[in-house]
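Okay, so here's the structure we're looking at.
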Amino acid sequence: MTSNDTRTHIIHTGADLIGHKGFGATGINAVLTAAGVPKGSFYHYFSSKHDFGLAVIDTFAEEYDAKLDRILNDTSRSCVDRLRAYFDTGFETMTSCEYTRGCLIGNLGQELAGQNEAFRQRLDTVFASWEKRFEQCLRDAQQAGDISADIDPADAASFLLSGWEGAILRSKVLKSTEPMERFVRVFFKQCLNIG
């Protein structure tokens, strides 16, 4: 592996463990053992566990941003269908991990936002970026005449992000996509006025 590949491998391995155990319960040695790299490699790339955690957030956000952009900018679909496709990927992800992971950024927000200001700020930046993407998709839907011009895209995007993250959490707890499905129904019917 190249130097950059090793760093990325450590980050992805750590993100997977953090997704299952949480940041606090994931030790550096567990990450290195799972990644199959020596301890010196960790400190070559990261000055501390804190630095590593921020790198996990940044890497996950970069990859998730690309996924959101692929879905929400897919001009072969209507904007409303793009949102449905986004939610569908959430259902698939939740069932494929058997309701054990949820959203890494949401999980880290719940665990760390009240404990560490650097993490809180970084997580807020990620959420704000996602919210802006949803807002633009909703604006595009308005321009296409797919949703009412009376809907405030910023408010709807904020509701989408907050409600979806909460529904993901409830789905983990219930081990069912039912809370996510309910959120999607309410979002389209009550928020966007689409049957």
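Order determines the names: the first chain of the structure tokens is A, the second B, and so forth; residues in each chain are numbered 1 upward, and ligands are numbered 1 upward as they are shown.
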Quick one: DSSP helix (DSSP H, G or I) residues in range 53-179 of chain A, as a ChimeraX atom specification?
/A:53-72,79-96,104-112,117-143,153-174,178-179
Write out as a Markdown table the residues of range 14-110 of chain A that have any atom within 7 Å of an atom of range 128-152 of chain A, one row each with the nearest atom pair and its distance in Å to one decimal, counting only C-alpha atoms, sorted by chain and then rising number.
| residue | atom | partner | partner_atom | distance |
| --- | --- | --- | --- | --- |
| A:Leu72 | CA | A:Cys137 | CA | 6.3 |
| A:Cys79 | CA | A:Ala141 | CA | 5.2 |
| A:Val80 | CA | A:Ala141 | CA | 6.7 |
Contacts of His20 in chain A at 6 Å (only C-alpha atoms; same-chain gap of 2+ positions) as a PyMOL selection string
chain A and resi 17-18+101
Just checking: using only C-alpha atoms, which residue out of A:Ala61, A:Gly106, A:Lys21, A:Asn29 ends up closest to Phe42 in chain A?
A:Asn29
From the options A:Gly14, A:Gly90, A:Gly53, A:Gly24, which residue's atoms come nearest to Ala118 in chain A, counting only C-alpha atoms?
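Counting only C-alpha atoms, the residue closest to Ala118 in chain A is A:Gly53.
Shortest atom-to-atom contact with Asp51 in chain A among A:Phe159, A:Phe87, A:Phe188, A:Phe119: A:Phe119, counting only C-alpha atoms.
From CA of Val31 in chain A back to CA of Ile168 in chain A, the distance works out to 25.4 Å.
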Calculate how many Å separate CA of Gly114 in chain A from CA of His50 in chain A, rounding to one decimal.
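About the pair CA of Gly114 in chain A and CA of His50 in chain A: they are 14.9 Å apart.
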Find the spatial neighbours of Tyr86 in chain A, counting only C-alpha atoms, within a cut-off of 10 Å - ignore same-chain residues fewer than 4 positions away - and output them as a PyMOL selection string.
chain A and resi 67-68+70-72+80-82+90-91
Give me, please, the distance in Å between CA of Ala167 in chain A and CA of Pro179 in chain A, quoted to one decimal.
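So the answer is 5.2 Å.
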Kindly indicate which residue among A:Thr8, A:Arg84, A:Thr33, A:Thr75 lies nearest to Phe52 in chain A, using only C-alpha atoms for the distances.
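Closest to Phe52 in chain A, using only C-alpha atoms: A:Thr8.
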Within 12 Å of Phe187 in chain A, counting only C-alpha atoms, which residues show up once you throw out same-chain ones fewer than 6 positions away? Write them as a PDB file with C-alpha atoms, in the first residue's frame, please.
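Result written to result_16.pdb:
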ATOM      1  CA  VAL A  80     -38.904  14.521  -5.835  1.00  0.00           C
ATOM      2  CA  LEU A  83     -35.288  12.613  -2.644  1.00  0.00           C
ATOM      3  CA  ARG A  84     -37.083   9.261  -2.762  1.00  0.00           C
ATOM      4  CA  PHE A  87     -34.359   7.790   1.335  1.00  0.00           C
ATOM      5  CA  ASP A 155     -37.056  25.075   6.544  1.00  0.00           C
ATOM      6  CA  ALA A 156     -38.018  21.907   4.685  1.00  0.00           C
ATOM      7  CA  ALA A 157     -34.350  20.931   4.282  1.00  0.00           C
ATOM      8  CA  SER A 158     -33.694  21.496   7.972  1.00  0.00           C
ATOM      9  CA  PHE A 159     -36.757  19.424   8.877  1.00  0.00           C
ATOM     10  CA  LEU A 160     -35.655  16.698   6.455  1.00  0.00           C
ATOM     11  CA  LEU A 161     -32.185  16.426   7.957  1.00  0.00           C
ATOM     12  CA  SER A 162     -33.252  16.593  11.606  1.00  0.00           C
ATOM     13  CA  GLY A 163     -36.244  14.322  11.155  1.00  0.00           C
ATOM     14  CA  TRP A 164     -34.349  11.763   9.081  1.00  0.00           C
ATOM     15  CA  ALA A 167     -35.817   8.384  12.384  1.00  0.00           C
ATOM     16  CA  MET A 180     -37.795   5.853   8.730  1.00  0.00           C
ATOM     17  CA  GLU A 181     -40.747   4.838   6.576  1.00  0.00           C
ATOM     18  CA  ASN A 193     -47.972  18.111   0.148  1.00  0.00           C
ATOM     19  CA  ILE A 194     -47.302  15.137  -2.156  1.00  0.00           C
ATOM     20  CA  GLY A 195     -49.466  12.036  -1.791  1.00  0.00           C
TER      21      GLY A 195
END
Identify which of the residues A:Asn4, A:Ser76, A:Thr95, A:Ser48 lies closest to Thr177 in chain A, counting only C-alpha atoms when measuring atom-to-atom distances.
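Answer, going by the shortest atom-to-atom distance: A:Thr95.
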Which residue is closest to Thr13 in chain A? Choose from A:Ala85, A:Leu123, A:Val173, A:Leu32 and count only C-alpha atoms.
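Ranking A:Ala85, A:Leu123, A:Val173, A:Leu32 by distance to Thr13 in chain A, first place goes to A:Leu32.
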